[in-house]
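Asker: Provided below: coords_0.tsv, containing TSV, C-alpha atoms.
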```
chain	number	residue	atom	x	y	z
A	1151	MET	CA	41.89	173.39	196.34
A	1152	VAL	CA	45.60	172.62	196.32
A	1153	ASP	CA	48.13	174.45	198.47
A	1154	LEU	CA	49.48	177.01	196.01
A	1155	THR	CA	52.62	177.46	198.11
A	1156	SER	CA	53.62	173.81	197.71
A	1157	PHE	CA	54.74	174.20	194.09
A	1158	SER	CA	58.01	175.52	192.68
A	1159	ALA	CA	57.03	175.96	189.02
A	1160	LEU	CA	54.05	176.75	186.82
A	1161	SER	CA	53.67	175.40	183.30
A	1162	PHE	CA	51.43	177.37	180.98
A	1163	ASP	CA	49.43	176.80	177.90
A	1164	VAL	CA	50.02	180.05	175.99
A	1165	TYR	CA	47.26	180.38	173.41
A	1166	GLY	CA	43.94	180.86	175.12
A	1167	THR	CA	45.53	181.36	178.53
A	1168	LEU	CA	48.15	184.09	178.06
A	1169	ILE	CA	47.59	185.10	174.44
A	1170	ASP	CA	44.09	185.76	173.08
A	1171	TRP	CA	44.20	183.28	170.21
A	1172	GLU	CA	40.44	183.50	169.69
A	1173	ALA	CA	40.71	187.20	168.96
A	1174	GLY	CA	43.69	186.58	166.67
A	1175	ILE	CA	42.00	183.81	164.70
A	1176	ALA	CA	38.59	185.48	164.61
A	1177	THR	CA	40.02	188.71	163.23
A	1178	VAL	CA	41.40	186.89	160.18
A	1179	LEU	CA	38.37	184.63	159.70
A	1180	LYS	CA	35.89	187.52	160.01
A	1181	GLN	CA	37.69	189.60	157.38
A	1182	TRP	CA	37.74	186.59	155.06
A	1183	ALA	CA	34.08	185.70	155.63
A	1184	GLU	CA	32.91	189.27	155.04
A	1185	ALA	CA	34.98	189.48	151.85
A	1186	HIS	CA	33.04	186.49	150.54
A	1187	GLY	CA	29.61	187.78	151.54
A	1188	SER	CA	29.12	185.86	154.79
A	1189	ASP	CA	27.62	187.45	157.90
A	1190	LEU	CA	28.75	184.71	160.31
A	1191	ASP	CA	29.82	186.19	163.66
A	1192	ASP	CA	33.05	185.46	165.52
A	1193	GLU	CA	31.60	182.66	167.66
A	1194	ALA	CA	30.15	180.83	164.67
A	1195	LEU	CA	33.44	181.07	162.80
A	1196	LEU	CA	35.46	179.85	165.79
A	1197	LEU	CA	33.08	176.95	166.32
A	1198	ALA	CA	33.44	175.93	162.67
A	1199	TYR	CA	37.23	176.24	162.92
A	1200	ALA	CA	37.94	174.49	166.26
A	1201	GLU	CA	37.46	170.85	165.33
A	1202	ASN	CA	39.36	171.32	162.06
A	1203	GLU	CA	42.50	172.57	163.80
A	1204	ALA	CA	42.41	169.72	166.31
A	1205	ALA	CA	41.91	167.21	163.50
A	1206	VAL	CA	44.87	168.53	161.48
A	1207	GLU	CA	47.12	168.43	164.56
A	1208	ARG	CA	46.05	164.86	165.28
A	1209	GLU	CA	46.46	163.66	161.68
A	1210	TYR	CA	49.72	165.52	160.95
A	1211	PRO	CA	51.63	165.82	164.25
A	1212	SER	CA	54.91	166.88	162.61
A	1213	LEU	CA	53.32	169.68	160.56
A	1214	ALA	CA	54.53	173.18	161.50
A	1215	TYR	CA	51.84	175.19	163.26
A	1216	ALA	CA	51.72	177.85	160.56
A	1217	GLU	CA	50.82	175.06	158.13
A	1218	VAL	CA	48.30	173.60	160.60
A	1219	LEU	CA	46.52	176.96	160.60
A	1220	GLN	CA	46.43	177.03	156.83
A	1221	ALA	CA	45.14	173.47	156.50
A	1222	ALA	CA	42.48	174.05	159.18
A	1223	PHE	CA	41.41	177.25	157.40
A	1224	ARG	CA	40.95	175.36	154.13
A	1225	ARG	CA	38.84	172.69	155.82
A	1226	THR	CA	36.75	175.34	157.55
A	1227	ALA	CA	36.12	177.13	154.26
A	1228	SER	CA	35.03	173.85	152.70
A	1229	ASP	CA	32.69	173.09	155.61
A	1230	LEU	CA	31.11	176.54	155.30
A	1231	GLY	CA	30.86	176.38	151.51
A	1232	LEU	CA	32.97	179.49	151.02
A	1233	PRO	CA	36.00	180.00	148.75
A	1234	VAL	CA	39.44	180.68	150.17
A	1235	THR	CA	42.62	181.70	148.38
A	1236	ASP	CA	46.24	180.78	149.03
A	1237	GLU	CA	46.93	184.33	150.18
A	1238	GLU	CA	44.01	184.26	152.63
A	1239	VAL	CA	45.18	181.06	154.32
A	1240	GLN	CA	48.75	182.39	154.44
A	1241	VAL	CA	47.52	185.46	156.31
A	1242	LEU	CA	46.28	183.21	159.11
A	1243	GLY	CA	49.48	181.15	159.01
A	1244	ARG	CA	51.59	184.28	159.51
A	1245	SER	CA	49.38	185.84	162.15
A	1246	VAL	CA	50.52	184.12	165.37
A	1247	PRO	CA	53.10	186.73	166.48
A	1248	GLU	CA	50.43	189.41	166.04
A	1249	TRP	CA	47.86	187.78	168.33
A	1250	PRO	CA	47.32	190.03	171.38
A	1251	ALA	CA	48.17	189.18	174.95
A	1252	PHE	CA	45.30	189.34	177.42
A	1253	ASP	CA	45.25	192.61	179.35
A	1254	ASP	CA	46.28	190.95	182.62
A	1255	THR	CA	49.00	188.67	181.24
A	1256	HIS	CA	52.17	190.74	181.73
A	1257	GLU	CA	51.31	192.03	185.18
A	1258	ALA	CA	50.08	188.68	186.49
A	1259	LEU	CA	53.08	186.75	185.13
A	1260	THR	CA	55.43	189.31	186.65
A	1261	ARG	CA	53.87	188.67	190.06
A	1262	LEU	CA	53.82	184.89	189.62
A	1263	LYS	CA	57.49	184.91	188.69
A	1264	GLN	CA	58.28	186.13	192.20
A	1265	HIS	CA	57.09	182.76	193.53
A	1266	TYR	CA	57.70	180.20	190.76
A	1267	LYS	CA	59.76	179.23	187.76
A	1268	LEU	CA	57.69	179.76	184.61
A	1269	ILE	CA	57.48	177.11	181.87
A	1270	ILE	CA	55.72	177.09	178.51
A	1271	LEU	CA	54.02	174.03	176.99
A	1272	SER	CA	52.66	175.31	173.69
A	1273	ASN	CA	51.07	173.87	170.56
A	1274	VAL	CA	52.74	176.55	168.45
A	1275	HIS	CA	55.99	176.67	166.47
A	1276	GLN	CA	59.08	178.35	167.93
A	1277	GLN	CA	58.81	181.48	165.78
A	1278	GLY	CA	55.23	182.04	166.92
A	1279	VAL	CA	56.10	181.54	170.59
A	1280	ASP	CA	59.09	183.88	170.31
A	1281	GLY	CA	56.82	186.63	168.99
A	1282	SER	CA	54.30	186.04	171.76
A	1283	ILE	CA	56.98	186.08	174.48
A	1284	LYS	CA	58.00	189.54	173.24
A	1285	ARG	CA	54.38	190.66	173.58
A	1286	MET	CA	54.14	189.28	177.12
A	1287	ASP	CA	57.50	190.84	178.04
A	1288	VAL	CA	58.30	188.19	180.66
A	1289	GLU	CA	61.24	185.79	180.74
A	1290	PHE	CA	60.33	182.11	180.90
A	1291	ASP	CA	62.64	179.52	182.44
A	1292	GLN	CA	61.84	176.85	179.86
A	1293	VAL	CA	59.95	176.71	176.57
A	1294	ASN	CA	58.49	173.48	175.17
A	1295	THR	CA	56.83	173.70	171.76
A	1296	ALA	CA	54.98	171.25	169.54
A	1297	GLU	CA	57.68	171.89	166.95
A	1298	LYS	CA	60.36	170.58	169.32
A	1299	ILE	CA	58.30	167.70	170.67
A	1300	GLY	CA	56.94	166.52	167.33
A	1301	SER	CA	53.28	166.30	168.37
A	1302	TYR	CA	50.41	168.48	169.52
A	1303	LYS	CA	48.42	168.52	172.73
A	1304	PRO	CA	46.33	166.64	173.78
A	1305	ASN	CA	48.83	163.96	172.74
A	1306	PRO	CA	50.17	162.44	175.99
A	1307	ARG	CA	53.71	162.72	174.62
A	1308	ASN	CA	53.67	166.50	175.07
A	1309	PHE	CA	53.10	166.11	178.81
A	1310	GLU	CA	55.65	163.33	179.05
A	1311	VAL	CA	58.26	165.67	177.56
A	1312	LEU	CA	57.18	168.50	179.89
A	1313	ILE	CA	57.73	166.23	182.90
A	1314	GLU	CA	60.99	164.80	181.54
A	1315	ASN	CA	62.39	168.30	180.99
A	1316	LEU	CA	61.76	169.34	184.59
A	1317	GLY	CA	65.07	167.73	185.47
A	1318	GLU	CA	66.86	170.50	183.57
A	1319	LEU	CA	65.48	172.92	186.17
A	1320	GLY	CA	66.19	170.64	189.11
A	1321	LEU	CA	62.47	169.96	189.62
A	1322	GLU	CA	60.21	166.94	190.05
A	1323	LYS	CA	56.64	166.41	188.82
A	1324	SER	CA	55.17	167.00	192.27
A	1325	GLN	CA	56.59	170.52	192.24
A	1326	LEU	CA	54.79	171.52	189.02
A	1327	LEU	CA	51.33	173.09	188.69
A	1328	HIS	CA	49.88	173.29	185.16
A	1329	VAL	CA	47.89	176.43	184.34
A	1330	ALA	CA	45.65	176.51	181.29
A	1331	GLN	CA	42.35	177.55	179.75
A	1332	SER	CA	41.68	174.54	177.53
A	1333	LEU	CA	40.09	171.49	179.12
A	1334	PHE	CA	40.52	169.62	175.82
A	1335	HIS	CA	44.18	170.43	175.12
A	1336	ASP	CA	45.52	170.67	178.68
A	1337	HIS	CA	43.44	169.59	181.65
A	1338	VAL	CA	42.33	166.19	180.39
A	1339	PRO	CA	45.82	165.04	179.27
A	1340	GLY	CA	47.48	166.88	182.16
A	1341	LYS	CA	45.38	165.01	184.69
A	1342	ASN	CA	46.08	161.75	182.88
A	1343	ALA	CA	49.79	162.54	183.29
A	1344	GLY	CA	49.31	163.00	187.03
A	1345	LEU	CA	49.67	166.78	187.17
A	1346	ASP	CA	47.80	169.19	189.41
A	1347	SER	CA	46.18	171.93	187.35
A	1348	ILE	CA	44.51	175.32	187.53
A	1349	TRP	CA	41.76	176.31	185.09
A	1350	ILE	CA	41.92	179.91	183.86
A	1351	ASN	CA	38.34	180.02	182.59
A	1352	ARG	CA	38.66	182.86	180.11
A	1353	ARG	CA	35.28	181.98	178.60
A	1354	HIS	CA	33.39	182.06	181.91
A	1355	ASP	CA	31.01	184.75	180.62
A	1356	ARG	CA	30.37	183.18	177.19
A	1357	PRO	CA	28.53	180.01	176.19
A	1358	GLY	CA	30.14	177.26	174.14
A	1359	TRP	CA	33.73	176.22	173.59
A	1360	GLY	CA	34.88	178.81	171.05
A	1361	ALA	CA	38.11	177.86	169.29
A	1362	THR	CA	38.69	174.98	171.73
A	1363	PRO	CA	36.97	171.63	171.04
A	1364	ASP	CA	34.56	170.11	173.54
A	1365	PRO	CA	36.68	167.78	175.77
A	1366	LYS	CA	33.83	165.22	175.65
A	1367	VAL	CA	35.01	163.70	178.94
A	1368	GLY	CA	34.71	164.93	182.49
A	1369	VAL	CA	37.72	166.53	184.16
A	1370	THR	CA	38.11	168.37	187.46
A	1371	PRO	CA	40.95	170.90	187.71
A	1372	ASP	CA	42.32	171.62	191.18
A	1373	GLY	CA	41.22	175.24	191.07
A	1374	GLU	CA	39.33	177.63	188.78
A	1375	TYR	CA	39.79	181.37	188.23
A	1376	LYS	CA	38.12	183.76	185.79
A	1377	SER	CA	41.41	185.44	184.89
A	1378	LEU	CA	45.16	185.15	185.33
A	1379	ALA	CA	45.03	188.23	187.55
A	1380	ASP	CA	42.59	186.46	189.89
A	1381	PHE	CA	44.94	183.49	190.07
A	1382	ALA	CA	47.93	185.75	190.81
A	1383	ASP	CA	45.91	187.41	193.59
A	1384	ALA	CA	45.24	184.00	195.13
A	1385	VAL	CA	48.91	183.07	194.91
A	1386	ASP	CA	50.03	186.32	196.54
A	1387	ALA	CA	47.50	185.82	199.33
A	1388	ALA	CA	48.58	182.21	199.90
A	1389	PHE	CA	52.26	183.08	200.20
A	1390	ALA	CA	51.50	186.12	202.39
A	1391	ALA	CA	49.46	183.95	204.76
A	1392	LYS	CA	52.31	181.48	205.03
A	1393	ALA	CA	55.00	184.11	205.63
```
Could you write out this file's structure as structure tokens?

Answerer:
Amino acid sequence: MVDLTSFSALSFDVYGTLIDWEAGIATVLKQWAEAHGSDLDDEALLLAYAENEAAVEREYPSLAYAEVLQAAFRRTASDLGLPVTDEEVQVLGRSVPEWPAFDDTHEALTRLKQHYKLIILSNVHQQGVDGSIKRMDVEFDQVNTAEKIGSYKPNPRNFEVLIENLGELGLEKSQLLHVAQSLFHDHVPGKNAGLDSIWINRRHDRPGWGATPDPKVGVTPDGEYKSLADFADAVDAAFAAKA
């Protein structure tokens, strides 16, 4: 376990860590599947969807995230042998600002902000992130999006830009701790970039990978917590012990 008091900033994956993207995506996919006579449950739909989104992001790194969602939806429909209309895929493309924050997100971020600068490293377009920041109701010190960077995690470039941009906040890489749920999108490339990381294991009580692809390689984060609230508790305790 790393010394949580030795860092000056936290960088966050948003979707899956702070915002419940699985609930947001599953809501749209479930309504679509039921409308076309399918009884697939949320987990089955997310599993079918996950690899398609990652593939679209890899193949079309400059595509806006709303369009990534639509393209991944079309591929998922094809894989499942179900029809999908232009309007149905557009519903998913527009849905990002409506995805809910996890119940502990606002309160935990508010506590963490007392100890660190807060940075976003997101695979979503600026409009989507702006809507999610309003839902979280916390001010971030820096926001890095796939739209600005021109590629999607787990592309190493996204972490290179994150580290490069630390200079704007007067920080160095050693002062940054990356906090994320996705091993595939964040912990594997984050470790390759030389970052310490904390795993918020939101799926600790569910089998499988959900909307996040299997990382297919081993990775060991520097700490694991079941929720952001648990992580914030650990941070508060660490700083209190050092005071």

Asker: I'd like the interatomic distance between CA of Ser1156 in chain A and CA of Tyr1266 in chain A, to a tenth of an Å.

Answerer: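 Between CA of Ser1156 in chain A and CA of Tyr1266 in chain A the gap is 10.3 Å.
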
Asker: Which polymer residues have any atom within 12 Å of an atom of Thr1235 in chain A, counting all atoms listed in the file, with same-chain residues fewer than 2 positions away left out, as a PyMOL selection string?

Answerer: chain A and resi 1182-1183+1185-1186+1220-1221+1223-1224+1227-1228+1232-1233+1237-1242

Asker: Output C-alpha atoms for every residue in that selection, as a PDB file, keeping the file's coordinate frame.

Answerer:
```
ATOM      1  CA  TRP A1182      37.740 186.590 155.060  1.00  0.00           C
ATOM      2  CA  ALA A1183      34.080 185.700 155.630  1.00  0.00           C
ATOM      3  CA  ALA A1185      34.980 189.480 151.850  1.00  0.00           C
ATOM      4  CA  HIS A1186      33.040 186.490 150.540  1.00  0.00           C
ATOM      5  CA  GLN A1220      46.430 177.030 156.830  1.00  0.00           C
ATOM      6  CA  ALA A1221      45.140 173.470 156.500  1.00  0.00           C
ATOM      7  CA  PHE A1223      41.410 177.250 157.400  1.00  0.00           C
ATOM      8  CA  ARG A1224      40.950 175.360 154.130  1.00  0.00           C
ATOM      9  CA  ALA A1227      36.120 177.130 154.260  1.00  0.00           C
ATOM     10  CA  SER A1228      35.030 173.850 152.700  1.00  0.00           C
ATOM     11  CA  LEU A1232      32.970 179.490 151.020  1.00  0.00           C
ATOM     12  CA  PRO A1233      36.000 180.000 148.750  1.00  0.00           C
ATOM     13  CA  GLU A1237      46.930 184.330 150.180  1.00  0.00           C
ATOM     14  CA  GLU A1238      44.010 184.260 152.630  1.00  0.00           C
ATOM     15  CA  VAL A1239      45.180 181.060 154.320  1.00  0.00           C
ATOM     16  CA  GLN A1240      48.750 182.390 154.440  1.00  0.00           C
ATOM     17  CA  VAL A1241      47.520 185.460 156.310  1.00  0.00           C
ATOM     18  CA  LEU A1242      46.280 183.210 159.110  1.00  0.00           C
TER      19      LEU A1242
END
```

Asker: Kindly give the distance, in Å, that separates CA of Ala1176 in chain A and CA of Leu1195 in chain A, rounded to a single decimal.

Answerer: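 Here the two named atoms are 7.0 Å from each other.
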
Asker: Can you work out which one of A:Ser1282, A:Thr1226, A:Asn1273, A:Ser1301 has the shortest atom-to-atom distance to Pro1247 in chain A, counting only C-alpha atoms?

Answerer: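 Using only C-alpha atoms, the shortest distance to Pro1247 in chain A belongs to A:Ser1282.
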
Asker: Show me, as a ChimeraX atom specification, the residues that have an atom within 8 Å of Thr1362 in chain A when counting all atoms listed in the file, minus same-chain residues fewer than 6 positions from it.

Answerer: /A:1200-1201,1332,1334-1335

Asker: Could you tell me how far CA of Thr1255 in chain A lies from CA of Met1151 in chain A, in Å and to one decimal?

Answerer: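 Going from CA of Thr1255 in chain A over to CA of Met1151 in chain A, I get 22.6 Å.
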
Asker: Compile the contact shell of Pro1304 in chain A as a PDB file with C-alpha atoms, keeping the file's coordinate frame: residues with an atom at most 12 Å away, counting only C-alpha atoms, same-chain residues fewer than 3 positions apart removed.

Answerer:
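Final output, saved to around-v9.pdb:
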```pdb
ATOM      1  CA  ASP A1163      49.430 176.800 177.900  1.00  0.00           C
ATOM      2  CA  ALA A1204      42.410 169.720 166.310  1.00  0.00           C
ATOM      3  CA  ALA A1205      41.910 167.210 163.500  1.00  0.00           C
ATOM      4  CA  GLU A1207      47.120 168.430 164.560  1.00  0.00           C
ATOM      5  CA  ARG A1208      46.050 164.860 165.280  1.00  0.00           C
ATOM      6  CA  PRO A1211      51.630 165.820 164.250  1.00  0.00           C
ATOM      7  CA  LEU A1271      54.020 174.030 176.990  1.00  0.00           C
ATOM      8  CA  SER A1272      52.660 175.310 173.690  1.00  0.00           C
ATOM      9  CA  ASN A1273      51.070 173.870 170.560  1.00  0.00           C
ATOM     10  CA  ALA A1296      54.980 171.250 169.540  1.00  0.00           C
ATOM     11  CA  SER A1301      53.280 166.300 168.370  1.00  0.00           C
ATOM     12  CA  ARG A1307      53.710 162.720 174.620  1.00  0.00           C
ATOM     13  CA  ASN A1308      53.670 166.500 175.070  1.00  0.00           C
ATOM     14  CA  PHE A1309      53.100 166.110 178.810  1.00  0.00           C
ATOM     15  CA  GLU A1310      55.650 163.330 179.050  1.00  0.00           C
ATOM     16  CA  SER A1332      41.680 174.540 177.530  1.00  0.00           C
ATOM     17  CA  LEU A1333      40.090 171.490 179.120  1.00  0.00           C
ATOM     18  CA  PHE A1334      40.520 169.620 175.820  1.00  0.00           C
ATOM     19  CA  HIS A1335      44.180 170.430 175.120  1.00  0.00           C
ATOM     20  CA  ASP A1336      45.520 170.670 178.680  1.00  0.00           C
ATOM     21  CA  HIS A1337      43.440 169.590 181.650  1.00  0.00           C
ATOM     22  CA  VAL A1338      42.330 166.190 180.390  1.00  0.00           C
ATOM     23  CA  PRO A1339      45.820 165.040 179.270  1.00  0.00           C
ATOM     24  CA  GLY A1340      47.480 166.880 182.160  1.00  0.00           C
ATOM     25  CA  LYS A1341      45.380 165.010 184.690  1.00  0.00           C
ATOM     26  CA  ASN A1342      46.080 161.750 182.880  1.00  0.00           C
ATOM     27  CA  ALA A1343      49.790 162.540 183.290  1.00  0.00           C
ATOM     28  CA  THR A1362      38.690 174.980 171.730  1.00  0.00           C
ATOM     29  CA  PRO A1363      36.970 171.630 171.040  1.00  0.00           C
ATOM     30  CA  PRO A1365      36.680 167.780 175.770  1.00  0.00           C
TER      31      PRO A1365
END
```

Asker: Could you name the residues that touch Leu1160 in chain A at 10 Å or less, counting all atoms listed in the file, but leaving out those on the same chain fewer than 5 positions away, as a list in words?

Answerer: Leu1262, Lys1263, His1265, Tyr1266, Lys1267, Leu1268, Ile1269, Ile1270, Gln1325, Leu1326, Leu1327, His1328, Val1329, Ser1347 and Ile1348 of chain A

Asker: Can you list every residue of range 1243-1293 of chain A that has an atom at most 8 Å from range 1375-1389 of chain A, with its nearest atom pair and the distance in Å to one decimal, using all atoms listed in the file, ordered by chain then number, as a Markdown table?

Answerer:
```
| residue | atom | partner | partner_atom | distance |
| --- | --- | --- | --- | --- |
| A:Asp1254 | CA | A:Ala1379 | CA | 5.8 |
| A:Thr1255 | CA | A:Leu1378 | CA | 6.6 |
| A:Glu1257 | CA | A:Ala1379 | CA | 7.7 |
| A:Ala1258 | CA | A:Ala1379 | CA | 5.2 |
| A:Leu1259 | CA | A:Ala1382 | CA | 7.7 |
| A:Arg1261 | CA | A:Ala1382 | CA | 6.7 |
| A:Leu1262 | CA | A:Ala1382 | CA | 6.1 |
```

Asker: Give me a file of those residues, with C-alpha atoms, as an mmCIF file, in the coordinates of the input.

Answerer:
```
data_model
loop_
_atom_site.group_PDB
_atom_site.id
_atom_site.type_symbol
_atom_site.label_atom_id
_atom_site.label_comp_id
_atom_site.auth_asym_id
_atom_site.auth_seq_id
_atom_site.Cartn_x
_atom_site.Cartn_y
_atom_site.Cartn_z
ATOM 1 C CA ASP A 1254 46.280 190.950 182.620
ATOM 2 C CA THR A 1255 49.000 188.670 181.240
ATOM 3 C CA GLU A 1257 51.310 192.030 185.180
ATOM 4 C CA ALA A 1258 50.080 188.680 186.490
ATOM 5 C CA LEU A 1259 53.080 186.750 185.130
ATOM 6 C CA ARG A 1261 53.870 188.670 190.060
ATOM 7 C CA LEU A 1262 53.820 184.890 189.620
#
```

Asker: Of the candidates A:Gln1277, A:Thr1370, A:Gln1181, A:Ser1212, which one gets nearest to Trp1349 in chain A if we count only C-alpha atoms?

Answerer: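 Going through A:Gln1277, A:Thr1370, A:Gln1181, A:Ser1212 one by one, the smallest distance to Trp1349 in chain A is for A:Thr1370.
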
Asker: Which of these residues is nearest to Ile1350 in chain A, using all atoms listed in the file: A:Asp1153, A:Asp1364, A:Asp1253, A:Glu1374?

Answerer: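 Checking each of A:Asp1153, A:Asp1364, A:Asp1253, A:Glu1374 against Ile1350 in chain A, counting all atoms listed in the file, the winner is A:Glu1374.
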
Asker: Kindly indicate which residue among A:Asp1372, A:Glu1318, A:Asp1236, A:Asp1170 lies nearest to Asp1291 in chain A, using only C-alpha atoms for the distances.

Answerer: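 For Asp1291 in chain A, the nearest of the candidates is A:Glu1318.
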
Asker: I'd like to know which of A:Gly1300, A:Ala1214, A:Ala1222, A:Phe1157 is closest to Val1234 in chain A, using only C-alpha atoms.

Answerer: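 For Val1234 in chain A, the nearest of the given residues is A:Ala1222.
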
Asker: Calculated over only C-alpha atoms, which of the candidates A:Val1293, A:Leu1213, A:Val1369, A:Ile1299 has the smallest distance to Leu1319 in chain A?

Answerer: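 The answer is A:Val1293, which sits nearest to Leu1319 in chain A.
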